[in-house]
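As structure tokens, the structure follows; a few thoughts come after it.
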Amino acid sequence: MSEGIFDSSDFAPLAADPIFNKPDLDDVLAALDETLLERKQAVSPTLVYGLSDLGPGEWRRVKQAWRILPAANRHHIIRALHESSEALFELSYRELGLGSLDDESASIREAAIELLWTDDSEETMRAFIHLARQDQASSVQVAAVRALGRFILLGEYGDVSQDLAEEAQQLVYDLHSDEGQSLEMRRRALESLANSSHAQTPVLIRKAYSDGNHDLKISAIFAMGRTCSRDWGQILLEELTSADDEAIYEAIVACGQIQLADSVPRIGALALSDDREIQQSAIWALGEIGGRHAFEILSRLDDMIEDDETAAFLEEALAAAGMGRNLAPLDSSPDEF
């Protein structure tokens with residue numbers, strides 16, 4: 001499935017704790033030395049907390065110990081730090097992420113891009129533009145193009161300079177339009193461009209949707225949601241009845257993003273799917289769409305959901321839908337239930 005809201009992970013995130021004491025830098029350096037000697041599989045809390053919020057001077061000291069670690073160890077640590085930052089938003093690995101964008105290992109450069117997922121600085125944006133254009137590894141270029149999507153969206157809100165936003169838009173437009181690029185690159189470029197008001201975005205989405213290539217079609221459906229335009233409503237309603245689970249998943253997410261009220265009955269039925277990803281995306285979408293109809297469906301699901309992970313999605317969706325349950329009329333009953 002395209003980049004969405006339910007990415008799986010090989011790493012268990014650190015338990016979220018709103019308060020932590022940052023270890024002394026000497027202890028962090030010792031933990032890195034220990035990692036080098038023992039090749040530990042687990043990433044210690046000393047590294048998880050100690051590598052967060054490094055100052056430039058601290059990073060210079062850490063960098064000496066970091067660069068002598070085997071590439072496999074560095075990659076493993078970065079991936080674990082990424083997962084921890086998703087569980088505990090107070091953690092920030094900006095210096096380590098930026099400092100690893102020129103690592104000799106392509107897999108580490110790619111992981112470093114992901115590690116910078118909360119960094120919205122123009123410095124990071126420029127670094128991603130550079131990687132998208134010039135990195136020698138196609139996987140790194142693709143990762144940089146995907147990451148540029150959020151910066152392009154920031155440009156729409158005026159949160160990055162107009163010149164830089166236009167540069168990123170033009171870059172992903174050119175990459176998608178270049179049929180000499182890999183399919184993966186063209187897909188991710190379209191998905192990123194969909195965050196913009198570029199005049200050609202709707203045209204390119206429709207072209208990709210009708211191209212005949214399955215993967216381009218999936219990215220087109222993903223892109224429809226990112227545009228936040230209800231002009232795609234009829235296509236998305238049709239895709240909700242597709243025989244293709246990947247298309248259904250992306251259509252559900254897109255319906256949630258554009259808050260398509262007409263999709264609520266069908267998405268309500270999909271919330272009972274045996275496919276966990278489809279079920280959870282349906283629950284999430286109902287919460288995003290809101291209104292009394294969605295709230296009633298979610299309330300009924302509350303008595304049916306048994307596993308803890310899906311129950312957590314349901315709790316959040318109920319809260320989101322409940323905020324707007326009086327804003328939309330109840331046009332029809334959820335006959336699928």
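Labels used: A, B, ... for chains in the order of the structure tokens, numbers from 1 for residues in each chain, and numbers from 1 for ligands as shown.
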Can you tell me which residues surround A:His214 at a distance of at most 12 Å, considering only C-alpha atoms, apart from same-chain residues fewer than 3 positions away, and format the answer as a PyMOL selection string?
chain A and resi 1-2+183+187+208-211+217-221+244+246-247
Among the residues of stretch 165-295 of chain A, find those DSSP assigns to alpha helix (DSSP H) from the backbone and print them as a PyMOL selection string.
chain A and resi 165-177+183-193+201-209+214-227+233-239+245-258+264-270+276-289+291-295
I'd like the interatomic distance between atom CA of A:Asn73 and atom CA of A:Leu91, to a tenth of an Å.
20.2 Å
Surrounding residues of stretch 120-136 of chain A excluding itself and chain neighbours under 4 positions, 6 Å, only C-alpha atoms, as a short mmCIF file (atom, residue, chain, number, x, y, z; two decimals) with N, CA, C and O atoms, in the first residue's frame:
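Done, and the output landed in selection-v9.cif:
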data_model
loop_
_atom_site.label_atom_id
_atom_site.label_comp_id
_atom_site.auth_asym_id
_atom_site.auth_seq_id
_atom_site.Cartn_x
_atom_site.Cartn_y
_atom_site.Cartn_z
N GLN A 141 16.99 8.64 -3.14
CA GLN A 141 16.29 9.67 -3.90
C GLN A 141 14.78 9.56 -3.69
O GLN A 141 14.09 10.56 -3.47
N ALA A 144 13.76 10.71 -0.27
CA ALA A 144 13.80 12.16 -0.16
C ALA A 144 12.58 12.79 -0.84
O ALA A 144 11.99 13.75 -0.32
N VAL A 145 12.18 12.25 -1.97
CA VAL A 145 11.00 12.76 -2.68
C VAL A 145 9.74 12.56 -1.84
O VAL A 145 8.89 13.45 -1.75
#
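Minimum atom-to-atom distances from A:Met304, A:Ala112, A:Leu148, A:Leu314 to A:Glu191 were compared using only C-alpha atoms, and the lowest value belongs to A:Leu148.
Closest approach to A:Leu204 among A:Tyr173, A:Glu34, A:Leu270, A:Ser182 is made by A:Tyr173 (distances from only C-alpha atoms).
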Separation of atom CA of A:Ser192 and atom CA of A:Gly155, in Å?
12.0 Å
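In this comparison, which uses only C-alpha atoms, the residue of A:Ala271, A:Ile248, A:Ala285, A:Leu36 approaching A:Trp66 most closely is A:Leu36.
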Need the shell around A:Leu54: protein/DNA/RNA residues with any atom at most 12 Å away, counting only C-alpha atoms. Skip same-chain ones fewer than 6 positions apart. Format as a PyMOL selection string?
chain A and resi 22-25+28+47-48+60-63+91-99
